[in-house]
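So this one's run-v5.cif, mmCIF, C-alpha atoms and all ligand atoms:
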data_coords
loop_
_atom_site.label_atom_id
_atom_site.label_comp_id
_atom_site.auth_asym_id
_atom_site.auth_seq_id
_atom_site.Cartn_x
_atom_site.Cartn_y
_atom_site.Cartn_z
CA MET A 1 5.04 21.40 33.29
CA ASP A 2 5.19 17.96 31.70
CA VAL A 3 6.90 17.82 28.35
CA ALA A 4 5.31 15.34 25.94
CA MET A 5 7.49 12.50 24.74
CA THR A 6 8.71 13.36 21.24
CA LEU A 7 9.90 11.02 18.51
CA GLU A 8 12.07 12.47 15.77
CA LEU A 9 12.31 10.47 12.58
CA PRO A 10 13.48 10.90 9.01
CA LYS A 11 10.52 11.88 6.85
CA TRP A 12 8.88 8.71 5.62
CA PHE A 13 7.72 7.27 2.31
CA ASP A 14 4.27 5.89 1.59
CA LEU A 15 5.01 3.12 -0.88
CA HIS A 16 1.39 2.42 -1.68
CA THR A 17 -1.26 5.09 -1.76
CA HIS A 18 -4.12 6.41 -3.88
CA PHE A 19 -4.25 10.06 -4.93
CA ARG A 20 -7.08 9.51 -7.44
CA GLN A 21 -7.88 12.00 -10.17
CA GLY A 22 -9.82 15.24 -10.58
CA PRO A 23 -10.44 18.15 -8.23
CA ALA A 24 -9.72 16.34 -4.94
CA MET A 25 -6.13 15.43 -5.84
CA PRO A 26 -4.51 18.52 -4.27
CA ALA A 27 -6.30 17.86 -0.95
CA TYR A 28 -5.19 14.22 -0.87
CA ILE A 29 -1.58 15.11 -1.70
CA GLN A 30 -1.53 17.93 0.85
CA ALA A 31 -2.78 15.55 3.56
CA HIS A 32 0.25 13.36 2.81
CA LEU A 33 2.70 16.27 2.84
CA ASP A 34 1.20 17.43 6.14
CA MET A 35 2.05 14.12 7.82
CA GLY A 36 5.79 14.21 7.16
CA CYS A 37 5.56 12.13 4.01
CA ALA A 38 8.56 12.67 1.73
CA GLY A 39 7.37 10.64 -1.21
CA ALA A 40 4.79 8.26 -2.52
CA LEU A 41 4.04 5.43 -4.84
CA ALA A 42 0.72 6.54 -6.35
CA MET A 43 -1.48 3.72 -7.55
CA PRO A 44 -2.63 3.53 -11.19
CA ASN A 45 -6.24 2.35 -10.66
CA THR A 46 -7.69 5.55 -12.05
CA LYS A 47 -10.53 5.68 -14.55
CA PRO A 48 -9.29 4.87 -17.17
CA PRO A 49 -6.29 2.99 -15.76
CA VAL A 50 -2.68 4.12 -16.11
CA SER A 51 -1.88 1.24 -18.45
CA ARG A 52 0.63 2.79 -20.84
CA VAL A 53 3.98 4.41 -20.12
CA SER A 54 4.41 7.45 -22.32
CA GLY A 55 2.57 9.76 -24.67
CA GLU A 56 -0.86 11.30 -24.57
CA ASN A 57 -3.77 9.99 -22.52
CA ARG A 58 -6.44 8.12 -24.46
CA GLU A 59 -10.04 7.47 -23.59
CA ASP A 60 -9.27 3.86 -22.66
CA SER A 61 -5.88 4.39 -21.02
CA TRP A 62 -3.73 6.98 -19.33
CA THR A 63 0.04 7.09 -19.31
CA ILE A 64 2.53 7.25 -16.46
CA GLU A 65 3.99 10.33 -18.11
CA SER A 66 0.75 12.30 -18.05
CA TYR A 67 -0.61 11.01 -14.71
CA ALA A 68 2.69 11.83 -12.99
CA ALA A 69 2.52 15.33 -14.53
CA ASP A 70 -1.04 15.74 -13.19
CA LEU A 71 0.09 14.62 -9.74
CA ARG A 72 3.02 17.06 -9.76
CA GLU A 73 0.74 19.88 -10.76
CA ALA A 74 -1.59 18.95 -7.91
CA GLY A 75 1.25 19.29 -5.38
CA ALA A 76 3.34 16.13 -5.70
CA ASP A 77 6.30 18.13 -7.01
CA ALA A 78 7.00 18.82 -3.33
CA PHE A 79 7.80 15.12 -2.82
CA GLU A 80 11.37 13.83 -3.01
CA GLN A 81 10.10 10.73 -4.82
CA LEU A 82 7.03 10.00 -6.90
CA ILE A 83 6.57 6.55 -8.39
CA VAL A 84 3.59 5.71 -10.59
CA PRO A 85 3.45 1.99 -11.37
CA LEU A 86 2.13 0.72 -14.67
CA TYR A 87 -1.26 -1.02 -14.38
CA LEU A 88 -0.68 -4.49 -15.91
CA THR A 89 -3.45 -5.48 -18.36
CA ARG A 90 -3.85 -7.90 -21.25
CA GLU A 91 -2.52 -5.09 -23.45
CA THR A 92 0.79 -4.69 -21.60
CA THR A 93 3.72 -5.56 -23.89
CA PRO A 94 7.37 -6.39 -23.23
CA GLU A 95 8.28 -3.45 -25.48
CA MET A 96 6.46 -1.06 -23.13
CA ILE A 97 8.51 -2.43 -20.25
CA VAL A 98 11.84 -2.13 -22.05
CA GLU A 99 11.16 1.37 -23.40
CA GLY A 100 9.74 2.51 -20.06
CA ALA A 101 12.80 1.25 -18.21
CA GLU A 102 15.13 2.93 -20.69
CA SER A 103 13.33 6.27 -20.48
CA GLY A 104 13.28 6.13 -16.67
CA LEU A 105 9.50 6.67 -16.54
CA LEU A 106 8.83 3.08 -15.51
CA ARG A 107 10.06 1.86 -12.13
CA ALA A 108 7.27 -0.49 -11.04
CA ALA A 109 4.23 -2.32 -12.42
CA LYS A 110 1.10 -3.35 -10.57
CA TYR A 111 -0.72 -6.66 -10.69
CA TYR A 112 -4.44 -6.44 -9.87
CA PRO A 113 -6.51 -9.61 -9.60
CA PRO A 114 -9.35 -9.13 -12.13
CA HIS A 115 -12.32 -7.52 -10.37
CA GLY A 116 -10.52 -7.98 -7.04
CA THR A 117 -10.95 -4.41 -5.79
CA THR A 118 -11.75 -0.81 -6.77
CA ASN A 119 -11.15 -0.34 -10.51
CA ALA A 120 -9.43 -3.73 -10.82
CA GLU A 121 -11.52 -4.87 -13.77
CA HIS A 122 -8.67 -4.33 -16.24
CA GLY A 123 -6.38 -6.85 -14.56
CA ALA A 124 -5.48 -10.19 -16.14
CA PRO A 125 -5.09 -13.39 -14.05
CA MET A 126 -1.65 -14.01 -12.53
CA ALA A 127 -1.49 -17.38 -14.31
CA ASP A 128 -1.42 -15.49 -17.64
CA PHE A 129 1.67 -13.53 -16.59
CA LEU A 130 3.66 -16.48 -15.28
CA GLY A 131 6.47 -17.23 -17.73
CA SER A 132 5.39 -14.29 -19.93
CA ASP A 133 7.70 -11.99 -21.84
CA VAL A 134 6.25 -9.07 -19.84
CA PHE A 135 7.52 -10.52 -16.56
CA ARG A 136 10.81 -11.53 -18.23
CA ALA A 137 11.30 -7.96 -19.43
CA MET A 138 10.58 -6.69 -15.90
CA GLU A 139 13.06 -9.16 -14.47
CA GLU A 140 15.76 -8.15 -16.91
CA ASN A 141 15.20 -4.42 -16.50
CA GLY A 142 14.89 -4.26 -12.72
CA ILE A 143 11.22 -3.18 -12.73
CA VAL A 144 9.53 -3.88 -9.38
CA LEU A 145 6.37 -6.00 -9.46
CA CYS A 146 3.78 -4.70 -6.98
CA ILE A 147 1.29 -7.44 -6.21
CA HIS A 148 -2.24 -7.32 -4.89
CA GLY A 149 -2.03 -10.92 -3.77
CA GLU A 150 -5.50 -12.41 -3.80
CA GLN A 151 -6.80 -15.34 -5.79
CA HIS A 152 -9.44 -13.86 -8.11
CA GLY A 153 -12.91 -15.13 -8.91
CA LEU A 154 -13.59 -17.08 -5.70
CA GLY A 155 -17.12 -17.54 -4.32
CA GLY A 156 -17.99 -16.42 -0.80
CA ALA A 157 -17.12 -19.63 1.03
CA ASP A 158 -13.64 -19.77 -0.51
CA TYR A 159 -13.10 -16.04 -0.49
CA LEU A 160 -13.05 -15.92 3.30
CA ALA A 161 -13.29 -19.21 5.16
CA SER A 162 -12.18 -20.10 8.67
CA ASN A 163 -9.01 -21.82 7.49
CA ARG A 164 -8.26 -20.18 4.13
CA ASN A 165 -9.01 -17.09 2.12
CA ALA A 166 -8.27 -15.43 -1.21
CA GLU A 167 -4.92 -14.13 0.04
CA SER A 168 -3.70 -17.30 1.76
CA LEU A 169 -4.55 -19.31 -1.38
CA PHE A 170 -2.65 -16.85 -3.56
CA TYR A 171 0.46 -17.16 -1.38
CA ARG A 172 0.14 -20.92 -1.24
CA ASP A 173 -0.54 -21.64 -4.91
CA LEU A 174 0.62 -18.75 -7.09
CA MET A 175 3.54 -17.08 -5.33
CA PRO A 176 5.78 -20.20 -5.30
CA ARG A 177 5.20 -20.59 -9.03
CA LEU A 178 5.98 -16.93 -9.62
CA LEU A 179 9.30 -17.08 -7.73
CA GLU A 180 10.24 -20.31 -9.45
CA GLN A 181 9.61 -18.97 -12.94
CA HIS A 182 11.01 -15.48 -12.34
CA PRO A 183 13.78 -15.86 -9.81
CA LYS A 184 15.31 -12.43 -10.50
CA LEU A 185 12.07 -10.44 -10.26
CA LYS A 186 11.91 -7.83 -7.50
CA ILE A 187 8.52 -8.15 -5.82
CA VAL A 188 6.55 -6.14 -3.27
CA CYS A 189 3.74 -8.10 -1.68
CA GLU A 190 1.39 -5.27 -1.03
CA HIS A 191 -0.89 -4.66 1.94
CA ILE A 192 -0.39 -8.16 3.33
CA THR A 193 -3.05 -9.31 5.77
CA THR A 194 -2.43 -12.97 6.61
CA LYS A 195 0.07 -15.14 8.44
CA GLU A 196 0.63 -17.05 5.19
CA ALA A 197 1.73 -13.88 3.37
CA ALA A 198 3.79 -12.60 6.32
CA TYR A 199 5.77 -15.84 6.58
CA PHE A 200 6.01 -16.32 2.83
CA VAL A 201 7.84 -12.99 2.58
CA LYS A 202 10.00 -13.76 5.60
CA HIS A 203 11.27 -16.99 4.06
CA ALA A 204 11.67 -15.70 0.50
CA SER A 205 14.87 -14.15 -0.87
CA ASN A 206 15.73 -10.50 -0.21
CA GLN A 207 14.24 -9.59 -3.57
CA VAL A 208 10.82 -10.02 -1.96
CA GLY A 209 9.48 -7.34 0.37
CA ALA A 210 6.06 -6.31 1.66
CA THR A 211 4.02 -3.32 2.69
CA ILE A 212 1.74 -3.37 5.72
CA THR A 213 -1.06 -0.85 6.27
CA PRO A 214 -1.87 0.76 9.63
CA GLN A 215 -5.31 -0.83 9.69
CA HIS A 216 -3.93 -4.35 9.30
CA LEU A 217 -1.51 -3.80 12.19
CA LEU A 218 -4.25 -2.41 14.42
CA TYR A 219 -7.45 -4.27 13.70
CA THR A 220 -9.08 -7.62 13.07
CA ILE A 221 -12.31 -8.53 11.31
CA GLY A 222 -14.11 -8.43 14.65
CA ASP A 223 -13.47 -4.69 14.80
CA LEU A 224 -15.07 -4.32 11.39
CA ILE A 225 -18.08 -6.50 12.11
CA GLN A 226 -18.88 -5.15 15.57
CA GLY A 227 -21.07 -2.17 14.75
CA LEU A 228 -20.35 -2.69 11.03
CA LYS A 229 -17.62 -0.04 11.01
CA TYR A 230 -17.50 0.31 7.29
CA HIS A 231 -14.72 2.89 7.25
CA LEU A 232 -12.49 -0.10 8.09
CA TYR A 233 -13.68 -1.97 5.02
CA CYS A 234 -10.76 -2.30 2.63
CA LEU A 235 -9.37 -5.02 0.39
CA PRO A 236 -7.77 -7.33 1.24
CA ILE A 237 -10.11 -7.32 4.21
CA VAL A 238 -8.73 -7.27 7.79
CA LYS A 239 -8.34 -10.84 9.03
CA PHE A 240 -8.08 -12.73 12.32
CA ASP A 241 -6.00 -12.33 15.48
CA ASP A 242 -3.35 -14.88 14.49
CA ASP A 243 -2.93 -13.06 11.16
CA ARG A 244 -2.54 -9.70 12.88
CA ASP A 245 -0.11 -11.28 15.35
CA ALA A 246 2.05 -12.53 12.46
CA LEU A 247 2.07 -9.09 10.80
CA ARG A 248 3.07 -7.50 14.10
CA GLU A 249 5.77 -10.08 14.69
CA VAL A 250 7.48 -9.58 11.31
CA ALA A 251 7.11 -5.78 11.30
CA ILE A 252 8.73 -5.27 14.70
CA GLU A 253 11.55 -7.81 14.37
CA THR A 254 14.87 -6.15 15.19
CA GLY A 255 16.88 -5.33 12.09
CA GLN A 256 14.24 -6.53 9.62
CA THR A 257 14.67 -5.12 6.10
CA LYS A 258 11.70 -6.57 4.22
CA TYR A 259 8.60 -4.92 5.61
CA PHE A 260 7.77 -1.25 5.20
CA ALA A 261 5.09 1.41 5.21
CA GLY A 262 2.52 1.45 2.44
CA THR A 263 -0.75 2.79 3.79
CA ASP A 264 -3.09 1.91 0.94
CA SER A 265 -4.81 5.14 1.94
CA ALA A 266 -7.77 5.08 -0.43
CA PRO A 267 -10.14 8.03 -0.17
CA HIS A 268 -13.78 7.51 -1.08
CA THR A 269 -16.25 10.40 -0.90
CA VAL A 270 -19.04 7.81 -0.83
CA LYS A 271 -18.27 4.72 1.27
CA ALA A 272 -21.60 3.07 2.01
CA THR A 273 -23.95 2.67 -0.94
CA ASP A 274 -27.49 1.28 -1.17
CA CYS A 275 -26.25 -2.26 -1.67
CA GLY A 276 -22.63 -2.40 -0.60
CA CYS A 277 -19.56 -0.49 0.45
CA ALA A 278 -16.58 0.96 -1.40
CA ALA A 279 -13.31 -0.67 -0.33
CA GLY A 280 -10.63 1.60 1.08
CA CYS A 281 -9.53 3.21 4.35
CA PHE A 282 -8.46 6.83 4.21
CA THR A 283 -5.41 7.48 6.41
CA GLY A 284 -4.16 10.75 4.93
CA GLY A 285 -3.10 13.07 7.79
CA CYS A 286 -2.84 10.30 10.39
CA ALA A 287 -0.79 7.37 9.08
CA PRO A 288 2.45 7.81 11.12
CA GLN A 289 0.36 8.27 14.27
CA LEU A 290 -1.55 5.05 13.50
CA TYR A 291 1.65 3.15 12.71
CA ALA A 292 3.13 4.35 16.03
CA MET A 293 0.03 3.05 17.81
CA GLY A 294 0.29 -0.24 15.93
CA PHE A 295 3.91 -0.66 16.97
CA GLU A 296 3.08 0.09 20.60
CA GLU A 297 0.23 -2.41 20.55
CA SER A 298 2.71 -4.92 19.16
CA GLY A 299 4.82 -4.43 22.29
CA VAL A 300 7.41 -1.93 21.06
CA ASP A 301 8.55 0.74 23.51
CA LEU A 302 9.00 3.75 21.25
CA ALA A 303 10.74 5.61 24.09
CA SER A 304 13.64 3.15 23.92
CA SER A 305 16.34 3.59 21.30
CA ALA A 306 15.90 -0.02 20.14
CA GLY A 307 12.16 0.48 19.75
CA LEU A 308 12.57 3.76 17.90
CA SER A 309 15.11 2.25 15.55
CA THR A 310 12.77 -0.63 14.67
CA PHE A 311 10.00 1.86 13.95
CA GLU A 312 12.33 4.04 11.89
CA ARG A 313 13.35 1.09 9.72
CA PHE A 314 9.75 0.20 8.97
CA LEU A 315 8.53 3.75 8.38
CA SER A 316 11.44 5.64 6.85
CA LEU A 317 14.33 3.37 5.81
CA ASN A 318 13.34 -0.05 4.47
CA GLY A 319 11.07 1.23 1.69
CA PRO A 320 13.69 3.51 0.12
CA ALA A 321 16.34 0.76 0.40
CA PHE A 322 14.03 -1.74 -1.30
CA TYR A 323 13.12 0.61 -4.16
CA GLY A 324 16.71 1.82 -4.44
CA PHE A 325 16.55 5.50 -3.49
CA GLU A 326 17.98 7.53 -0.62
CA PRO A 327 16.03 7.94 2.59
CA SER A 328 14.98 11.49 3.35
CA ALA A 329 17.51 13.85 4.95
CA GLU A 330 14.62 15.86 6.39
CA ARG A 331 12.99 15.00 9.68
CA PHE A 332 9.57 15.21 11.30
CA GLN A 333 8.28 14.74 14.83
CA LEU A 334 5.51 12.90 16.61
CA GLU A 335 4.44 13.86 20.13
CA LYS A 336 2.72 11.61 22.63
CA GLU A 337 -0.50 13.61 22.88
CA ILE A 338 -4.13 12.77 22.20
CA SER A 339 -5.18 14.20 18.85
CA GLU A 340 -7.95 14.00 16.30
CA THR A 341 -8.05 13.80 12.55
CA PRO A 342 -10.94 15.83 11.16
CA ILE A 343 -13.02 15.11 8.08
CA LEU A 344 -11.11 16.12 4.98
CA ASN A 345 -13.19 18.45 2.88
CA THR A 346 -12.24 18.22 -0.76
CA GLN A 347 -13.61 19.64 -3.96
CA ALA A 348 -15.11 16.22 -4.65
CA GLY A 349 -16.81 16.01 -1.24
CA PRO A 350 -15.93 15.11 2.35
CA VAL A 351 -13.76 12.10 3.20
CA THR A 352 -13.81 10.45 6.62
CA PRO A 353 -10.41 9.40 7.94
CA LEU A 354 -10.20 5.94 9.48
CA PRO A 355 -9.75 7.02 13.16
CA LEU A 356 -12.88 9.14 12.97
CA GLY A 357 -14.76 6.26 11.38
CA MET A 358 -13.58 3.98 14.20
CA ASN A 359 -14.12 6.53 16.96
CA LEU A 360 -10.46 6.01 17.80
CA PRO A 361 -8.58 8.81 19.59
CA LEU A 362 -5.05 9.05 18.26
CA THR A 363 -2.48 8.83 21.05
CA TRP A 364 0.15 10.61 18.95
CA ARG A 365 0.08 13.91 17.15
CA LEU A 366 2.22 15.54 14.52
CA ALA A 367 4.44 18.18 16.15
O1 LIG B 1 -9.33 -1.20 -0.16
C1 LIG B 1 -8.82 -0.93 -1.24
N1 LIG B 1 -9.08 0.24 -1.85
N2 LIG B 1 -8.01 -1.83 -1.81
C2 LIG B 1 -7.54 -1.65 -3.05
O2 LIG B 1 -6.82 -2.53 -3.51
C3 LIG B 1 -7.93 -0.47 -3.84
C4 LIG B 1 -8.34 0.65 -3.00
C5 LIG B 1 -9.04 1.76 -3.74
O3 LIG B 1 -8.55 2.16 -4.80
O4 LIG B 1 -10.05 2.26 -3.25
ZN ZN B 2 -4.28 0.12 -2.96
#
Could I get this file's structure written as structure tokens?
Ligand code: DOR
Ligand code: ZN
Amino acid sequence: MDVAMTLELPKWFDLHTHFRQGPAMPAYIQAHLDMGCAGALAMPNTKPPVSRVSGENREDSWTIESYAADLREAGADAFEQLIVPLYLTRETTPEMIVEGAESGLLRAAKYYPPHGTTNAEHGAPMADFLGSDVFRAMEENGIVLCIHGEQHGLGGADYLASNRNAESLFYRDLMPRLLEQHPKLKIVCEHITTKEAAYFVKHASNQVGATITPQHLLYTIGDLIQGLKYHLYCLPIVKFDDDRDALREVAIETGQTKYFAGTDSAPHTVKATDCGCAAGCFTGGCAPQLYAMGFEESGVDLASSAGLSTFERFLSLNGPAFYGFEPSAERFQLEKEISETPILNTQAGPVTPLPLGMNLPLTWRLA
């Protein structure tokens, strides 16, 4: 009898995910626990946003303290790490940053380009934060800046053109200014999708890291357009082959310490609407399998010890090192076997995982 090839890895950390709010939260968190995930950075783009640090929720704003408590109650207490970043708005103050850092509740803060994605309408333009006391306070208190790096407010032709797009413009125009004005700031360039972002991070100091999603390692915009596979629609949108090649190149480089897992798993119970599509790919239950497939498609032999070690860095080690916590001492296994990820039925409705939406058989399964 053939024995399937098995990979054993330290449990991994998803350093960018969405657990939402309300009755579906336990299902989303359980799907993460089920895939060997030891901890998560849970995004603050709830309704209302998590835009204050401590105290009671208000109608216009939630707090990290109460949202983290909700997440724990919904199952996240089983994680080794739970980070909720502060949603940066026009109302964010340097005092919030200092007090949050001192209390230990605040470890990261999230920049959303205004109206750039789901529930991003509370964001303020990056230009307003450059040189601000809020960013200075983050710099001085070691608070990580998580960036959704897209230039906001662009019209269609500039948003995605053949030689530039909202992300490449952001990395060309705004990121150099940010690093120049805040040289000590620790920055995660989240869900990067372009060659410009991949190489920007590569050539920046070690205070700058990046997350890469499974979908951006696996797919290009052609995969989305052919058959209009809207389950692949997320923001920033998947780009072109040279962009994907650059992401693959930097992710699989031997010994790299800057790039790590952050799925941007973003469940939507309603994806396609009458006049559009909600942005977000749901990869709960299947992210390590998809990352393994992405690494293999990038040319990594996961059966070799060098290949496995590169994968382990990306999935399980680099993220904790960047955020300054210990990697997990627990382990999980992936087996080389065809598997499927079913629809996730939640109390808010069914959610289609990305592989099902793409009709993609997984070539790995959780052991
Ligand atoms: O595709 C996305 N979905 N990108 C984001 O930045 C937000 C996310 C969501 O919350 O649905
Ligand atoms: Zn996200």
Inset, instruction - Would you please work out which residue, of A:Ser265, A:Asn119, A:Thr93, A:Ser61, is nearest to ligand ZN 2 (chain B) when using all atoms listed in the file? - result: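 Residue with the minimum atom-to-atom distance to ligand ZN 2 (chain B): A:Ser265.
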Inset, instruction - Would you mind listing what lies within 8 Å of region 199-203 of chain A as a list in words, with only C-alpha atoms counted and same-chain residues fewer than 2 positions away left out? - result: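 Here the qualifying residues turn out to be Tyr171, Cys189, Lys195, Glu196, Ala197, Ser205, Val208, Gly209, Ala210, Ala246, Val250 and Lys258 of chain A.
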Closest pair table for chain A residues within 8 Å of ligand ZN 2 (chain B), all atoms listed in the file, as a Markdown table:
| residue | atom | partner | partner_atom | distance |
| --- | --- | --- | --- | --- |
| A:His16 | CA | B:ZN2 | ZN | 6.3 |
| A:Thr17 | CA | B:ZN2 | ZN | 5.9 |
| A:His18 | CA | B:ZN2 | ZN | 6.4 |
| A:Met43 | CA | B:ZN2 | ZN | 6.5 |
| A:His148 | CA | B:ZN2 | ZN | 8.0 |
| A:His191 | CA | B:ZN2 | ZN | 7.6 |
| A:Leu235 | CA | B:ZN2 | ZN | 8.0 |
| A:Asp264 | CA | B:ZN2 | ZN | 4.5 |
| A:Ser265 | CA | B:ZN2 | ZN | 7.0 |
| A:Ala266 | CA | B:ZN2 | ZN | 6.6 |
| A:Gly280 | CA | B:ZN2 | ZN | 7.7 |
Legend entry - Interatomic distance (Å, one decimal) between CA of Lys186 (chain A) and CA of Val300 (chain A):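 Rounded to one decimal, the two atoms are 29.5 Å apart.
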Inset, instruction - Rank A:Ala42, A:Leu106, A:Leu86, A:Ala367 by their smallest atom-to-atom distance to ligand LIG 1 (chain B), using only C-alpha atoms and all ligand atoms, and report the top residue only. - result: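 Closest candidate: A:Ala42.
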Shell of 12 Å around region 126-137 of chain A, all atoms listed in the file, local chain residues under 6 positions omitted, as a PDB file with C-alpha atoms, keeping the file's coordinate frame:
ATOM      1  CA  LEU A  86       2.130   0.720 -14.670  1.00  0.00           C
ATOM      2  CA  LEU A  88      -0.680  -4.490 -15.910  1.00  0.00           C
ATOM      3  CA  THR A  89      -3.450  -5.480 -18.360  1.00  0.00           C
ATOM      4  CA  ARG A  90      -3.850  -7.900 -21.250  1.00  0.00           C
ATOM      5  CA  GLU A  91      -2.520  -5.090 -23.450  1.00  0.00           C
ATOM      6  CA  THR A  92       0.790  -4.690 -21.600  1.00  0.00           C
ATOM      7  CA  THR A  93       3.720  -5.560 -23.890  1.00  0.00           C
ATOM      8  CA  PRO A  94       7.370  -6.390 -23.230  1.00  0.00           C
ATOM      9  CA  GLU A  95       8.280  -3.450 -25.480  1.00  0.00           C
ATOM     10  CA  MET A  96       6.460  -1.060 -23.130  1.00  0.00           C
ATOM     11  CA  ILE A  97       8.510  -2.430 -20.250  1.00  0.00           C
ATOM     12  CA  VAL A  98      11.840  -2.130 -22.050  1.00  0.00           C
ATOM     13  CA  GLU A  99      11.160   1.370 -23.400  1.00  0.00           C
ATOM     14  CA  GLY A 100       9.740   2.510 -20.060  1.00  0.00           C
ATOM     15  CA  ALA A 101      12.800   1.250 -18.210  1.00  0.00           C
ATOM     16  CA  GLU A 102      15.130   2.930 -20.690  1.00  0.00           C
ATOM     17  CA  LEU A 106       8.830   3.080 -15.510  1.00  0.00           C
ATOM     18  CA  ALA A 108       7.270  -0.490 -11.040  1.00  0.00           C
ATOM     19  CA  ALA A 109       4.230  -2.320 -12.420  1.00  0.00           C
ATOM     20  CA  LYS A 110       1.100  -3.350 -10.570  1.00  0.00           C
ATOM     21  CA  TYR A 111      -0.720  -6.660 -10.690  1.00  0.00           C
ATOM     22  CA  TYR A 112      -4.440  -6.440  -9.870  1.00  0.00           C
ATOM     23  CA  PRO A 113      -6.510  -9.610  -9.600  1.00  0.00           C
ATOM     24  CA  PRO A 114      -9.350  -9.130 -12.130  1.00  0.00           C
ATOM     25  CA  ILE A 143      11.220  -3.180 -12.730  1.00  0.00           C
ATOM     26  CA  VAL A 144       9.530  -3.880  -9.380  1.00  0.00           C
ATOM     27  CA  LEU A 145       6.370  -6.000  -9.460  1.00  0.00           C
ATOM     28  CA  CYS A 146       3.780  -4.700  -6.980  1.00  0.00           C
ATOM     29  CA  ILE A 147       1.290  -7.440  -6.210  1.00  0.00           C
ATOM     30  CA  HIS A 148      -2.240  -7.320  -4.890  1.00  0.00           C
ATOM     31  CA  GLY A 149      -2.030 -10.920  -3.770  1.00  0.00           C
ATOM     32  CA  GLU A 150      -5.500 -12.410  -3.800  1.00  0.00           C
ATOM     33  CA  GLN A 151      -6.800 -15.340  -5.790  1.00  0.00           C
ATOM     34  CA  HIS A 152      -9.440 -13.860  -8.110  1.00  0.00           C
ATOM     35  CA  GLY A 153     -12.910 -15.130  -8.910  1.00  0.00           C
ATOM     36  CA  PHE A 170      -2.650 -16.850  -3.560  1.00  0.00           C
ATOM     37  CA  TYR A 171       0.460 -17.160  -1.380  1.00  0.00           C
ATOM     38  CA  ASP A 173      -0.540 -21.640  -4.910  1.00  0.00           C
ATOM     39  CA  LEU A 174       0.620 -18.750  -7.090  1.00  0.00           C
ATOM     40  CA  MET A 175       3.540 -17.080  -5.330  1.00  0.00           C
ATOM     41  CA  PRO A 176       5.780 -20.200  -5.300  1.00  0.00           C
ATOM     42  CA  ARG A 177       5.200 -20.590  -9.030  1.00  0.00           C
ATOM     43  CA  LEU A 178       5.980 -16.930  -9.620  1.00  0.00           C
ATOM     44  CA  LEU A 179       9.300 -17.080  -7.730  1.00  0.00           C
ATOM     45  CA  GLU A 180      10.240 -20.310  -9.450  1.00  0.00           C
ATOM     46  CA  GLN A 181       9.610 -18.970 -12.940  1.00  0.00           C
ATOM     47  CA  HIS A 182      11.010 -15.480 -12.340  1.00  0.00           C
ATOM     48  CA  PRO A 183      13.780 -15.860  -9.810  1.00  0.00           C
ATOM     49  CA  LYS A 184      15.310 -12.430 -10.500  1.00  0.00           C
ATOM     50  CA  LEU A 185      12.070 -10.440 -10.260  1.00  0.00           C
ATOM     51  CA  LYS A 186      11.910  -7.830  -7.500  1.00  0.00           C
ATOM     52  CA  ILE A 187       8.520  -8.150  -5.820  1.00  0.00           C
TER      53      ILE A 187
END
Legend entry - Atomic separation - CA of Thr283 (chain A) relative to CA of Tyr159 (chain A), Å: 25.7 Å
Inset, instruction - Give the answer as one residue: which of A:Arg365, A:Lys271, A:Arg172, A:Arg313 has the shortest atom-to-atom distance to ligand LIG 1 (chain B), using all atoms listed in the file? - result: A:Lys271
Inset, instruction - Work out how far CA of Asn57 (chain A) is from CA of Gly116 (chain A), in Å to one decimal. - result: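 It comes out at 24.7 Å.
The smallest atom-to-atom distance between Ile338 (chain A) and any of A:Cys275, A:Leu224, A:Leu315, A:Leu362, using all atoms listed in the file, is found for A:Leu362.
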